[in-house]
Each structure stands twice: as structure tokens, then as C-alpha cells.
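Okay, input_10.cif is below, mmCIF, C-alpha atoms:
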```cif
data_model
#
loop_
_atom_site.group_PDB
_atom_site.id
_atom_site.type_symbol
_atom_site.label_atom_id
_atom_site.label_comp_id
_atom_site.auth_asym_id
_atom_site.auth_seq_id
_atom_site.Cartn_x
_atom_site.Cartn_y
_atom_site.Cartn_z
ATOM 1 C CA MET S 242 98.430 19.700 84.056
ATOM 2 C CA SER S 243 96.356 22.483 82.469
ATOM 3 C CA ASN S 244 94.606 19.891 80.256
ATOM 4 C CA GLU S 245 93.603 17.929 83.325
ATOM 5 C CA ASN S 246 92.135 21.050 85.005
ATOM 6 C CA ARG S 247 90.167 21.996 81.906
ATOM 7 C CA ASP S 248 88.730 18.532 81.405
ATOM 8 C CA SER S 249 87.864 17.723 85.021
ATOM 9 C CA PRO S 250 84.206 18.496 85.716
ATOM 10 C CA LEU S 251 83.378 21.209 88.195
ATOM 11 C CA GLU S 252 81.764 19.747 91.297
ATOM 12 C CA ILE S 253 78.696 21.762 92.042
ATOM 13 C CA ASP S 254 76.942 21.076 95.301
ATOM 14 C CA LYS S 255 73.740 19.403 94.119
ATOM 15 C CA ILE S 256 72.047 19.925 97.464
ATOM 16 C CA ILE S 257 72.226 23.709 97.027
ATOM 17 C CA HIS S 258 72.048 23.628 93.225
ATOM 18 C CA GLU S 259 68.291 23.281 93.096
ATOM 19 C CA PRO S 260 66.256 26.486 92.585
ATOM 20 C CA ALA S 261 64.049 26.172 95.645
ATOM 21 C CA ARG S 262 66.864 25.125 97.978
ATOM 22 C CA LEU S 263 69.105 27.835 96.574
ATOM 23 C CA GLN S 264 66.404 30.376 97.426
ATOM 24 C CA ILE S 265 66.103 29.002 100.960
ATOM 25 C CA MET S 266 69.857 29.013 101.497
ATOM 26 C CA THR S 267 70.147 32.565 100.127
ATOM 27 C CA GLN S 268 67.480 33.837 102.493
ATOM 28 C CA LEU S 269 69.027 32.092 105.497
ATOM 29 C CA TYR S 270 72.541 33.181 104.547
ATOM 30 C CA VAL S 271 71.749 36.889 104.993
ATOM 31 C CA VAL S 272 69.869 36.586 108.306
ATOM 32 C CA ASP S 273 70.491 34.970 111.689
ATOM 33 C CA GLU S 274 67.325 32.854 111.645
ATOM 34 C CA ALA S 275 63.850 32.906 110.150
ATOM 35 C CA ASP S 276 60.615 30.999 110.469
ATOM 36 C CA PHE S 277 58.503 29.095 107.976
ATOM 37 C CA ILE S 278 56.085 31.903 107.227
ATOM 38 C CA TYR S 279 58.878 34.362 106.477
ATOM 39 C CA LEU S 280 60.564 31.903 104.104
ATOM 40 C CA MET S 281 57.260 31.052 102.416
ATOM 41 C CA ARG S 282 56.646 34.742 101.730
ATOM 42 C CA GLN S 283 60.166 35.469 100.538
ATOM 43 C CA THR S 284 60.562 32.394 98.328
ATOM 44 C CA GLY S 285 56.965 31.959 97.140
ATOM 45 C CA LEU S 286 57.154 28.250 97.952
ATOM 46 C CA THR S 287 54.183 26.353 99.336
ATOM 47 C CA TRP S 288 54.246 24.888 102.805
ATOM 48 C CA GLY S 289 54.692 21.333 101.509
ATOM 49 C CA ASN S 290 57.433 22.308 99.081
ATOM 50 C CA LEU S 291 59.320 24.255 101.709
ATOM 51 C CA SER S 292 58.986 21.434 104.198
ATOM 52 C CA SER S 293 60.396 18.892 101.759
ATOM 53 C CA HIS S 294 63.415 21.035 100.838
ATOM 54 C CA MET S 295 63.963 21.942 104.467
ATOM 55 C CA THR S 296 64.326 18.246 105.282
ATOM 56 C CA LYS S 297 66.943 17.736 102.553
ATOM 57 C CA LEU S 298 68.959 20.710 103.768
ATOM 58 C CA GLU S 299 68.707 19.561 107.349
ATOM 59 C CA ASP S 300 69.830 16.032 106.420
ATOM 60 C CA ALA S 301 72.857 17.549 104.660
ATOM 61 C CA GLY S 302 73.684 19.466 107.847
ATOM 62 C CA TYR S 303 73.295 22.843 106.149
ATOM 63 C CA ILE S 304 70.489 24.130 108.343
ATOM 64 C CA GLU S 305 69.234 23.470 111.832
ATOM 65 C CA VAL S 306 65.539 23.370 112.593
ATOM 66 C CA ARG S 307 63.963 24.353 115.881
ATOM 67 C CA LYS S 308 60.328 23.638 116.601
ATOM 68 C CA GLU S 309 58.363 25.389 119.306
ATOM 69 C CA PHE S 310 54.796 26.332 120.085
ATOM 70 C CA GLN S 311 53.333 29.823 120.101
ATOM 71 C CA GLU S 312 49.783 30.091 121.389
ATOM 72 C CA LYS S 313 49.352 26.352 120.813
ATOM 73 C CA LYS S 314 50.410 26.650 117.156
ATOM 74 C CA PRO S 315 53.601 25.008 115.890
ATOM 75 C CA HIS S 316 56.353 27.463 115.053
ATOM 76 C CA THR S 317 59.318 26.247 113.015
ATOM 77 C CA ILE S 318 62.516 28.296 112.967
ATOM 78 C CA LEU S 319 65.356 27.640 110.555
ATOM 79 C CA LYS S 320 68.967 28.710 110.866
ATOM 80 C CA ILE S 321 71.899 28.105 108.571
ATOM 81 C CA THR S 322 74.738 26.143 110.178
ATOM 82 C CA GLU S 323 78.428 26.933 109.911
ATOM 83 C CA SER S 324 78.916 24.099 107.427
ATOM 84 C CA GLY S 325 75.883 25.371 105.499
ATOM 85 C CA ARG S 326 77.419 28.830 105.383
ATOM 86 C CA ASN S 327 80.725 27.417 104.158
ATOM 87 C CA ALA S 328 78.971 25.226 101.582
ATOM 88 C CA PHE S 329 77.051 28.248 100.279
ATOM 89 C CA GLN S 330 80.246 30.274 99.956
ATOM 90 C CA GLU S 331 81.923 27.393 98.123
ATOM 91 C CA TYR S 332 78.903 27.116 95.852
ATOM 92 C CA ARG S 333 79.170 30.787 94.957
ATOM 93 C CA LYS S 334 82.885 30.457 94.208
ATOM 94 C CA MET S 335 82.170 27.424 92.038
ATOM 95 C CA LEU S 336 79.584 29.371 90.038
ATOM 96 C CA ASP S 337 82.062 32.210 89.573
ATOM 97 C CA ARG S 338 84.561 29.681 88.229
ATOM 98 C CA VAL S 339 81.995 28.318 85.795
ATOM 99 C CA PHE S 340 81.506 31.742 84.255
ATOM 100 C CA GLU S 341 84.963 33.241 84.635
ATOM 101 C CA ASN S 342 86.351 32.309 81.227
ATOM 102 C CA LEU S 343 83.305 33.290 79.261
ATOM 103 C CA PRO S 344 83.776 36.111 76.716
ATOM 104 C CA MET K 154 74.893 35.164 92.221
ATOM 105 C CA ASP K 155 76.813 38.323 92.920
ATOM 106 C CA ASP K 156 77.192 40.385 96.062
ATOM 107 C CA LYS K 157 74.597 42.910 94.869
ATOM 108 C CA GLU K 158 71.849 40.279 94.910
ATOM 109 C CA LEU K 159 72.827 39.171 98.401
ATOM 110 C CA VAL K 160 72.797 42.782 99.571
ATOM 111 C CA LYS K 161 69.296 43.194 98.083
ATOM 112 C CA THR K 162 68.130 40.045 99.872
ATOM 113 C CA GLY K 163 69.510 41.391 103.136
ATOM 114 C CA GLN K 164 67.785 44.721 102.538
ATOM 115 C CA ASN K 165 64.474 42.923 101.924
ATOM 116 C CA ALA K 166 64.919 41.156 105.253
ATOM 117 C CA TYR K 167 65.577 44.441 107.054
ATOM 118 C CA ARG K 168 62.527 46.060 105.432
ATOM 119 C CA ALA K 169 60.418 43.098 106.561
ATOM 120 C CA THR K 170 61.292 43.857 110.204
ATOM 121 C CA MET K 171 60.113 47.447 109.842
ATOM 122 C CA LYS K 172 56.750 46.774 108.207
ATOM 123 C CA ASP K 173 54.699 46.808 111.407
ATOM 124 C CA GLY K 174 55.593 50.336 112.544
ATOM 125 C CA PHE K 175 57.063 49.371 115.910
ATOM 126 C CA THR K 176 60.444 50.921 115.136
ATOM 127 C CA GLU K 177 58.674 54.261 114.766
ATOM 128 C CA ILE K 178 56.626 53.691 117.930
ATOM 129 C CA LEU K 179 59.717 52.856 120.015
ATOM 130 C CA SER K 180 61.576 55.874 118.600
ATOM 131 C CA GLY K 181 58.581 58.071 119.336
ATOM 132 C CA PHE K 182 58.567 57.022 122.995
ATOM 133 C CA PHE K 183 62.301 57.682 123.177
ATOM 134 C CA PHE K 184 61.970 61.240 121.878
ATOM 135 C CA ILE K 185 59.034 62.011 124.154
ATOM 136 C CA MET K 186 60.910 60.800 127.232
ATOM 137 C CA THR K 187 64.297 62.403 126.450
ATOM 138 C CA PRO K 188 63.447 66.024 127.364
ATOM 139 C CA ILE K 189 61.763 64.835 130.552
ATOM 140 C CA ILE K 190 65.120 63.421 131.648
ATOM 141 C CA PHE K 191 66.832 66.733 130.841
ATOM 142 C CA ILE K 192 64.319 68.597 132.948
ATOM 143 C CA GLN K 193 64.093 66.013 135.741
ATOM 144 C CA PRO K 194 67.239 63.804 135.753
ATOM 145 C CA SER K 195 65.823 61.707 138.576
ATOM 146 C CA PHE K 196 63.449 60.166 136.012
ATOM 147 C CA ILE K 197 66.318 58.338 134.376
ATOM 148 C CA GLY K 198 65.608 55.282 136.524
ATOM 149 C CA ILE K 199 62.023 55.131 135.285
ATOM 150 C CA PHE K 200 63.303 55.649 131.726
ATOM 151 C CA VAL K 201 65.681 52.701 132.033
ATOM 152 C CA VAL K 202 63.008 50.431 133.504
ATOM 153 C CA PHE K 203 60.331 51.441 131.023
ATOM 154 C CA TYR K 204 62.256 51.825 127.814
ATOM 155 C CA ILE K 205 65.017 49.264 128.156
ATOM 156 C CA LEU K 206 63.430 46.558 130.281
ATOM 157 C CA PHE K 207 59.687 46.779 129.843
ATOM 158 C CA LEU K 208 58.874 48.236 126.442
ATOM 159 C CA PRO K 209 60.947 45.927 124.180
ATOM 160 C CA GLN K 210 59.536 42.832 125.893
ATOM 161 C CA TYR K 211 56.000 44.125 125.534
ATOM 162 C CA ILE K 212 56.570 44.969 121.880
ATOM 163 C CA GLU K 213 57.847 41.421 121.343
ATOM 164 C CA ILE K 214 54.653 39.998 122.872
ATOM 165 C CA ILE K 215 52.576 42.132 120.511
ATOM 166 C CA ARG K 216 54.734 41.094 117.560
ATOM 167 C CA LYS K 217 54.262 37.396 118.357
ATOM 168 C CA ARG K 218 50.526 37.934 118.309
ATOM 169 C CA TYR K 219 50.089 40.295 115.371
ATOM 170 C CA THR K 220 53.239 40.583 113.238
ATOM 171 C CA TYR K 221 54.813 37.132 113.021
ATOM 172 C CA PRO K 222 51.611 35.270 112.034
ATOM 173 C CA ARG K 223 51.283 37.703 109.107
ATOM 174 C CA VAL K 224 54.762 38.196 107.689
ATOM 175 C CA GLY K 225 56.789 35.673 109.626
ATOM 176 C CA TYR K 226 59.636 36.005 112.072
ATOM 177 C CA VAL K 227 63.158 36.918 111.070
ATOM 178 C CA LYS K 228 66.138 37.738 113.241
ATOM 179 C CA LEU K 229 68.719 39.878 111.506
ATOM 180 C CA ARG K 230 72.415 39.197 111.766
ATOM 181 C CA THR K 231 74.249 41.332 114.279
ATOM 182 C CA ASP K 232 77.556 41.677 112.562
ATOM 183 C CA SER K 233 79.745 44.501 113.731
ATOM 184 C CA LEU K 234 78.282 47.812 112.637
ATOM 185 C CA ASP K 235 80.014 49.710 109.896
ATOM 186 C CA TYR K 236 80.521 52.998 111.693
ATOM 187 C CA ARG K 237 82.039 54.830 108.722
ATOM 188 C CA PRO K 238 84.036 57.154 110.979
ATOM 189 C CA LYS K 239 84.926 59.586 108.196
ATOM 190 C CA ALA K 240 81.270 60.174 107.314
ATOM 191 C CA LEU K 241 80.348 60.640 110.978
ATOM 192 C CA LEU K 242 83.217 63.050 111.542
ATOM 193 C CA ALA K 243 82.202 65.013 108.454
ATOM 194 C CA LEU K 244 78.627 65.205 109.764
ATOM 195 C CA LEU K 245 79.839 66.330 113.195
ATOM 196 C CA PHE K 246 82.022 69.006 111.609
ATOM 197 C CA PHE K 247 79.120 70.223 109.486
ATOM 198 C CA VAL K 248 76.825 70.393 112.520
ATOM 199 C CA ILE K 249 79.304 72.351 114.651
ATOM 200 C CA VAL K 250 80.189 74.815 111.890
ATOM 201 C CA SER K 251 76.541 75.370 110.866
ATOM 202 C CA SER K 252 75.526 75.886 114.488
ATOM 203 C CA ALA K 253 78.369 78.370 115.033
ATOM 204 C CA ILE K 254 77.373 80.289 111.898
ATOM 205 C CA LEU K 255 73.755 80.397 112.984
ATOM 206 C CA VAL K 256 74.602 81.548 116.507
ATOM 207 C CA MET K 257 76.936 84.197 115.099
ATOM 208 C CA LEU K 258 74.321 85.492 112.662
ATOM 209 C CA MET K 259 71.504 85.582 115.205
ATOM 210 C CA THR K 260 73.285 86.712 118.382
ATOM 211 C CA GLN K 261 76.853 87.760 117.432
ATOM 212 C CA ASN K 262 78.046 85.850 120.485
ATOM 213 C CA VAL K 263 79.412 82.309 120.001
ATOM 214 C CA THR K 264 81.060 82.207 123.403
ATOM 215 C CA GLU K 265 77.792 82.323 125.311
ATOM 216 C CA TYR K 266 76.882 78.773 126.449
ATOM 217 C CA TYR K 267 73.199 79.653 126.581
ATOM 218 C CA ASN K 268 73.159 80.245 122.824
ATOM 219 C CA TRP K 269 74.673 76.823 122.241
ATOM 220 C CA PHE K 270 72.027 75.153 124.422
ATOM 221 C CA ILE K 271 69.449 76.819 122.236
ATOM 222 C CA MET K 272 71.095 75.142 119.231
ATOM 223 C CA PHE K 273 70.346 71.653 120.632
ATOM 224 C CA PRO K 274 67.244 71.150 118.446
ATOM 225 C CA PHE K 275 69.246 71.918 115.302
ATOM 226 C CA ILE K 276 72.181 69.783 116.450
ATOM 227 C CA LEU K 277 69.927 66.859 117.360
ATOM 228 C CA GLY K 278 67.878 67.248 114.192
ATOM 229 C CA THR K 279 70.968 67.221 111.989
ATOM 230 C CA ALA K 280 72.420 64.304 113.929
ATOM 231 C CA MET K 281 69.371 62.309 112.803
ATOM 232 C CA LEU K 282 70.925 62.272 109.333
ATOM 233 C CA ALA K 283 73.228 59.541 110.657
ATOM 234 C CA PRO K 284 70.441 57.043 111.487
ATOM 235 C CA SER K 285 68.750 58.087 108.240
ATOM 236 C CA ALA K 286 71.847 57.128 106.294
ATOM 237 C CA TYR K 287 72.019 53.852 108.221
ATOM 238 C CA LEU K 288 68.409 52.993 107.398
ATOM 239 C CA VAL K 289 68.841 53.898 103.724
ATOM 240 C CA ASP K 290 71.870 51.608 103.599
ATOM 241 C CA ARG K 291 70.219 48.698 105.445
ATOM 242 C CA THR K 292 66.825 48.859 103.722
ATOM 243 C CA GLY K 293 67.815 50.147 100.281
ATOM 244 C CA SER K 294 64.917 52.573 100.567
ATOM 245 C CA ARG K 295 65.818 56.238 100.040
ATOM 246 C CA ILE K 296 62.597 57.412 101.688
ATOM 247 C CA TYR K 297 64.394 57.230 105.018
ATOM 248 C CA TRP K 298 66.412 60.296 104.031
ATOM 249 C CA GLY K 299 63.116 62.103 104.579
ATOM 250 C CA PHE K 300 63.386 61.505 108.313
ATOM 251 C CA GLY K 301 66.791 63.198 108.568
ATOM 252 C CA ILE K 302 65.751 66.070 106.300
ATOM 253 C CA VAL K 303 62.547 66.722 108.247
ATOM 254 C CA THR K 304 64.315 66.632 111.624
ATOM 255 C CA THR K 305 67.059 68.962 110.361
ATOM 256 C CA ILE K 306 64.526 71.497 109.084
ATOM 257 C CA LEU K 307 62.406 71.183 112.228
ATOM 258 C CA GLY K 308 65.467 71.621 114.437
ATOM 259 C CA LEU K 309 66.597 74.642 112.420
ATOM 260 C CA ILE K 310 63.177 76.312 112.662
ATOM 261 C CA ILE K 311 62.899 75.740 116.415
ATOM 262 C CA SER K 312 66.473 76.849 117.171
ATOM 263 C CA THR K 313 66.125 79.963 115.004
ATOM 264 C CA PHE K 314 62.797 80.812 116.604
ATOM 265 C CA THR K 315 64.242 80.332 120.088
ATOM 266 C CA LEU K 316 67.273 82.480 119.262
ATOM 267 C CA SER K 317 65.030 85.239 117.953
ATOM 268 C CA PHE K 318 62.436 85.151 120.725
ATOM 269 C CA SER K 319 64.138 84.147 123.963
ATOM 270 C CA LEU K 320 61.990 81.578 125.751
ATOM 271 C CA ASP K 321 61.976 80.928 129.475
ATOM 272 C CA GLY K 322 64.765 78.360 129.591
ATOM 273 C CA PRO K 323 67.512 77.039 127.291
ATOM 274 C CA PHE K 324 65.846 73.620 127.021
ATOM 275 C CA ASP K 325 62.417 74.844 125.959
ATOM 276 C CA GLY K 326 63.311 74.513 122.280
ATOM 277 C CA LEU K 327 64.645 70.996 122.841
ATOM 278 C CA PHE K 328 61.458 70.099 124.703
ATOM 279 C CA VAL K 329 59.272 71.319 121.825
ATOM 280 C CA PHE K 330 61.468 69.614 119.241
ATOM 281 C CA SER K 331 61.501 66.270 121.037
ATOM 282 C CA MET K 332 57.787 66.352 121.753
ATOM 283 C CA LEU K 333 56.883 67.198 118.155
ATOM 284 C CA LEU K 334 59.183 64.538 116.795
ATOM 285 C CA GLY K 335 58.108 61.952 119.355
ATOM 286 C CA ILE K 336 54.391 62.524 118.826
ATOM 287 C CA GLY K 337 54.875 62.520 115.046
ATOM 288 C CA LEU K 338 56.740 59.213 115.182
ATOM 289 C CA LEU K 339 54.203 57.686 117.577
ATOM 290 C CA LEU K 340 51.244 58.673 115.406
ATOM 291 C CA GLY K 341 53.060 57.583 112.261
ATOM 292 C CA GLY K 342 53.996 54.283 113.871
ATOM 293 C CA PHE K 343 50.447 53.552 114.984
ATOM 294 C CA ALA K 344 49.079 54.479 111.555
ATOM 295 C CA LYS K 345 51.646 52.166 109.943
ATOM 296 C CA PHE K 346 50.625 49.377 112.330
ATOM 297 C CA VAL K 347 46.936 49.741 111.468
ATOM 298 C CA TYR K 348 47.748 49.765 107.742
ATOM 299 C CA PHE K 349 49.971 46.712 108.241
ATOM 300 C CA LEU K 350 47.141 44.784 109.938
ATOM 301 C CA ARG K 351 44.708 45.624 107.148
ATOM 302 C CA THR K 352 47.026 44.727 104.265
ATOM 303 C CA ASN K 353 48.664 41.586 105.665
ATOM 304 C CA PRO K 354 46.236 38.807 106.553
ATOM 305 C CA VAL K 355 47.258 36.062 108.930
ATOM 306 C CA ILE K 356 48.795 33.135 107.070
ATOM 307 C CA ASP K 357 47.129 29.900 108.083
ATOM 308 C CA ILE K 358 49.358 26.852 107.656
#
```
Any chance you could give the structure as C-alpha cells?
Amino acid sequence: MSNENRDSPLEIDKIIHEPARLQIMTQLYVVDEADFIYLMRQTGLTWGNLSSHMTKLEDAGYIEVRKEFQEKKPHTILKITESGRNAFQEYRKMLDRVFENLP
Amino acid sequence: MDDKELVKTGQNAYRATMKDGFTEILSGFFFIMTPIIFIQPSFIGIFVVFYILFLPQYIEIIRKRYTYPRVGYVKLRTDSLDYRPKALLALLFFVIVSSAILVMLMTQNVTEYYNWFIMFPFILGTAMLAPSAYLVDRTGSRIYWGFGIVTTILGLIISTFTLSFSLDGPFDGLFVFSMLLGIGLLLGGFAKFVYFLRTNPVIDI
């Protein structure tokens, strides 16, 4: 039984386990919602990069995206979903497990 | 990723919402209007309409135009506040005891209500240590202790002065204190807003 546990690979969420997406999820985890400009400034990602990762996270159901117009300019607001929040918490626990037996 | 890093990220988010100076401007208006309500309680209706209904909506309109295109929009989580009752009780105890000591030293009469009204600036000033502590905790920036320290000292000076040189009414000291604090916060807030506009260009995407 213990041999099985030691040999079985840890399943890390590959959607979150990407530096840019991890940054996005971290930022959204600690707030209620945020827009594109805020996330660009906090993560240092370009517009295109952020847009591409946003789509992946949205497809996974981890974030919801709301688009509106402010003074005729598009305004995109992102919010982490409940399943995204749970997935992020699981991801953190998994990372803790990876490092827990290290000297 | 440990909890400390998440806390830091949350503190960065909170600091981002305070960059434009509007927190100081709103607080300034509050302190300017408070003594007016003490003196003329009938103004409370105007206070409610202006401060609670009108001002926040107007600030939001200004933010959409000037703040969000520069630093982005973020809405903080509204989890239940950590009231830390023991700390608040300790602060309350400190305020009451210090006020009693001051009244005793200056007038030798702690039973006189008038003397306690005169202590309002000191009591209010020291009570500002609570929001200071809250801001230090939420932003991670110890500079916000300065607000509580300044208001405590200002309140102490005004209360002591009023106790020594009896003014016309018991609320005169509170009026001076609130006006000074309110005008200081308003001017500081506007200065912060101007600095914010100059150092944060609009992001064009």
C-alpha cells in the first residue's frame, strides 16, 4: 500500500501549472474580480499573452469573463469561479505534498 | 506558494485601490461634515443624501474616467471583517483611562460632563488608531500608522488647549479638530490624485 502511494505520480493541474496562468489565478484568487488592465500590470503579461491564457482558463471553467463597454471602449472583467477557486486550493495542496518529504 | 505570498498579493491589490487618493478625499469630506451634524442635527438628511448616495456614485464616475484606464479596475473581496475584539477593547480601555487622567490633571473634576465633551478630539483622534491598524494590515504599508499617530497628537493638543482655555462651547474643540483633519485629508487626497495622474499614463490596448 505505501509502495503504491510512493510510486504513483502526483497529478498536478496542468491548466494552473503554467507560470502565466498561475499568476493570473493567484491574482484572481485574492480579489472578487479584476479587469484586463489590472491583470496586465500585476502580472507583466502582454495583452495577447493574457488573452490567450484567459481563454484556456475560461475553457477549463476556472474563470468567468464579462465584456462590457465603457465610453465606447471594450472593458473585460475576469472573475474566478467556485470550481476555479477549488482547483487552485487543490493545486496548492498538491504542491505542498510534493515538497513535504524533502529534507 | 505559501500563505504569506497570497497575503502579499492581496495587500498589493488593496494598495492598488488606494493609489488615486479618493479614499482620503472621501474621508476628508466625512470629517468636515461631522461637526456640522453635531451643531445642526437637522443636516443629517443632507449628509445621508450627499455622502452615502451621491458622493460614492460620483467618485465611481470619476474613477471610470481617470483611474481604471490607468491602473485597471479591481474589486476587493468582502469577506467578513476581522474585528479583533480584544485589540479594540484594549484601545477603548486605553482611550478612556488616558482621557480620565488628562481630565483629572487639568481640571481635577472627572464627574463633570462638560470636561468629557472637551475630550472628544482626543478620544476621536485616538480612535483613529483602529482604522490605521486596519489599513496597515490590509495594505502591508506601515506608513498608515502615521495617520493614527497624527490624529492622536492633534486630538491631544486640541483637547488640552480647550481644557486650559475654556472656549465658548464644548464642541468647539471637536469642530476645530474635524475641520483640520478633514481639510488636511482633502488637500492630501487631491495632491495624491494629481500625482497619480502624472505618474500613471493611460494604458492603450
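Using only C-alpha atoms, the contacts of Glu274 in chain S at a cut-off of 9 Å, with sequence neighbours closer than 2 positions omitted, comprise Leu269, Tyr270, Val271, Val272, Asp276, Ile318, Leu319, Lys320 and Ile321 of chain S; Tyr226, Val227, Lys228, Leu229 and Arg230 of chain K.
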What are the closest atom pairs, with distances in Å to one decimal, for all residues of chain S lying within 8 Å of chain K? Consider only C-alpha atoms, order rows by chain and residue number, and present the result as a Markdown table.
```
| residue | atom | partner | partner_atom | distance |
| --- | --- | --- | --- | --- |
| S:Thr267 | CA | K:Leu159 | CA | 7.3 |
| S:Gln268 | CA | K:Thr162 | CA | 6.8 |
| S:Val271 | CA | K:Gly163 | CA | 5.4 |
| S:Val272 | CA | K:Leu229 | CA | 4.7 |
| S:Asp273 | CA | K:Arg230 | CA | 4.6 |
| S:Glu274 | CA | K:Lys228 | CA | 5.3 |
| S:Ala275 | CA | K:Val227 | CA | 4.2 |
| S:Asp276 | CA | K:Tyr226 | CA | 5.3 |
| S:Phe277 | CA | K:Gly225 | CA | 7.0 |
| S:Ile278 | CA | K:Gly225 | CA | 4.5 |
| S:Tyr279 | CA | K:Gly225 | CA | 4.0 |
| S:Leu280 | CA | K:Gly225 | CA | 7.7 |
| S:Arg282 | CA | K:Val224 | CA | 7.1 |
| S:Trp288 | CA | K:Ile358 | CA | 7.2 |
| S:Gln311 | CA | K:Lys217 | CA | 7.8 |
| S:Arg333 | CA | K:Met154 | CA | 6.7 |
| S:Leu336 | CA | K:Met154 | CA | 7.8 |
```
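Comparing S:Ala261, S:Gly289, S:Lys314, S:Ala328 by their smallest distance to Gly302 in chain S, the closest is S:Ala328 (using only C-alpha atoms).
Of the residues under consideration (K:Ile271, K:Leu255, K:Val250, K:Leu288), K:Leu288 shows the shortest atom-to-atom contact distance to Met171 in chain K when counting all atoms listed in the file.
Atom pair CA of Leu338 in chain K / CA of Thr304 in chain K: separated by 11.2 Å.
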- [ ] May I have the protein, DNA and RNA residues with an atom at most 12 Å from (60.7, 20.8, 100.7), counting only C-alpha atoms in the file's coordinates, returned as number ranges by chain?
- [x] S: 256, 259-265, 277, 280-281, 284, 286-300
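As for CA of Asp325 in chain K and CA of Phe175 in chain K, they are spaced 27.9 Å apart.
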- [ ] Place a sphere of radius 10 Å on (67.4, 85.0, 116.0) in the file coordinates and name every protein, DNA or RNA residue with an atom inside or on its surface, counting only C-alpha atoms; give the answer as a ChimeraX atom specification.
- [x] /K:255-261,312-319
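In this model, the gap between CA of Ile304 in chain S and CA of Gln330 in chain S comes to 14.3 Å.
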TODO: Rank S:Tyr332, S:Phe310, S:Phe340, S:Tyr303 by their smallest atom-to-atom distance to Asp254 in chain S, using only C-alpha atoms, and report the top residue only.
DONE: S:Tyr332
Open item on the list: Taking the file as I've supplied it (selection: the PyMOL selection byres ((chain K and resi 289) around 12)), which residues are included? Please answer as a list in words.
Closed with: Gln164, Asn165, Tyr167, Arg168, Leu282, Ala283, Pro284, Ser285, Ala286, Tyr287, Leu288, Asp290, Arg291, Thr292, Gly293, Ser294, Arg295, Ile296, Tyr297, Trp298, Gly299, Phe300 and Gly301 of chain K
Can you translate the PyMOL selection byres ((chain K and resi 174) around 12) into the concrete residues it hits in this file, as a PDB file with C-alpha atoms, in the frame of the given file?
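Written output follows (expr25.pdb):
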```pdb
ATOM      1  CA  ARG K 168      62.527  46.060 105.432  1.00  0.00           C
ATOM      2  CA  ALA K 169      60.418  43.098 106.561  1.00  0.00           C
ATOM      3  CA  THR K 170      61.292  43.857 110.204  1.00  0.00           C
ATOM      4  CA  MET K 171      60.113  47.447 109.842  1.00  0.00           C
ATOM      5  CA  LYS K 172      56.750  46.774 108.207  1.00  0.00           C
ATOM      6  CA  ASP K 173      54.699  46.808 111.407  1.00  0.00           C
ATOM      7  CA  PHE K 175      57.063  49.371 115.910  1.00  0.00           C
ATOM      8  CA  THR K 176      60.444  50.921 115.136  1.00  0.00           C
ATOM      9  CA  GLU K 177      58.674  54.261 114.766  1.00  0.00           C
ATOM     10  CA  ILE K 178      56.626  53.691 117.930  1.00  0.00           C
ATOM     11  CA  LEU K 179      59.717  52.856 120.015  1.00  0.00           C
ATOM     12  CA  SER K 180      61.576  55.874 118.600  1.00  0.00           C
ATOM     13  CA  GLY K 181      58.581  58.071 119.336  1.00  0.00           C
ATOM     14  CA  ILE K 212      56.570  44.969 121.880  1.00  0.00           C
ATOM     15  CA  ILE K 215      52.576  42.132 120.511  1.00  0.00           C
ATOM     16  CA  ARG K 216      54.734  41.094 117.560  1.00  0.00           C
ATOM     17  CA  TYR K 219      50.089  40.295 115.371  1.00  0.00           C
ATOM     18  CA  THR K 220      53.239  40.583 113.238  1.00  0.00           C
ATOM     19  CA  LEU K 338      56.740  59.213 115.182  1.00  0.00           C
ATOM     20  CA  LEU K 339      54.203  57.686 117.577  1.00  0.00           C
ATOM     21  CA  LEU K 340      51.244  58.673 115.406  1.00  0.00           C
ATOM     22  CA  GLY K 341      53.060  57.583 112.261  1.00  0.00           C
ATOM     23  CA  GLY K 342      53.996  54.283 113.871  1.00  0.00           C
ATOM     24  CA  PHE K 343      50.447  53.552 114.984  1.00  0.00           C
ATOM     25  CA  ALA K 344      49.079  54.479 111.555  1.00  0.00           C
ATOM     26  CA  LYS K 345      51.646  52.166 109.943  1.00  0.00           C
ATOM     27  CA  PHE K 346      50.625  49.377 112.330  1.00  0.00           C
ATOM     28  CA  VAL K 347      46.936  49.741 111.468  1.00  0.00           C
ATOM     29  CA  TYR K 348      47.748  49.765 107.742  1.00  0.00           C
ATOM     30  CA  PHE K 349      49.971  46.712 108.241  1.00  0.00           C
ATOM     31  CA  LEU K 350      47.141  44.784 109.938  1.00  0.00           C
TER      32      LEU K 350
END
```
Compile the contact shell of Phe270 in chain K as a tab-separated table (two decimals) with C-alpha atoms, in the coordinates of the input: residues with an atom at most 10 Å away, counting all atoms listed in the file, same-chain residues fewer than 4 positions apart removed.
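Done, and the output landed in out.tsv:
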```
chain	number	residue	atom	x	y	z
K	265	GLU	CA	77.79	82.32	125.31
K	266	TYR	CA	76.88	78.77	126.45
K	274	PRO	CA	67.24	71.15	118.45
K	276	ILE	CA	72.18	69.78	116.45
K	312	SER	CA	66.47	76.85	117.17
K	322	GLY	CA	64.76	78.36	129.59
K	323	PRO	CA	67.51	77.04	127.29
K	324	PHE	CA	65.85	73.62	127.02
K	325	ASP	CA	62.42	74.84	125.96
K	326	GLY	CA	63.31	74.51	122.28
K	327	LEU	CA	64.64	71.00	122.84
```
Open item on the list: Which residues are close to range 200-203 of chain K, i.e. within 10 Å by only C-alpha atoms, leaving aside same-chain residues fewer than 4 positions away? Reply as a PyMOL selection string.
Closed with: chain K and resi 182-183+186-187+189-190+194-196+207-209
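Near Met335 in chain S, within a cut-off of 8 Å and counting all atoms listed in the file, sit the residues Leu251, Glu252, Ile253, Glu331, Tyr332, Arg333, Asp337, Arg338 and Val339 of chain S, with same-chain residues fewer than 2 positions away left out.
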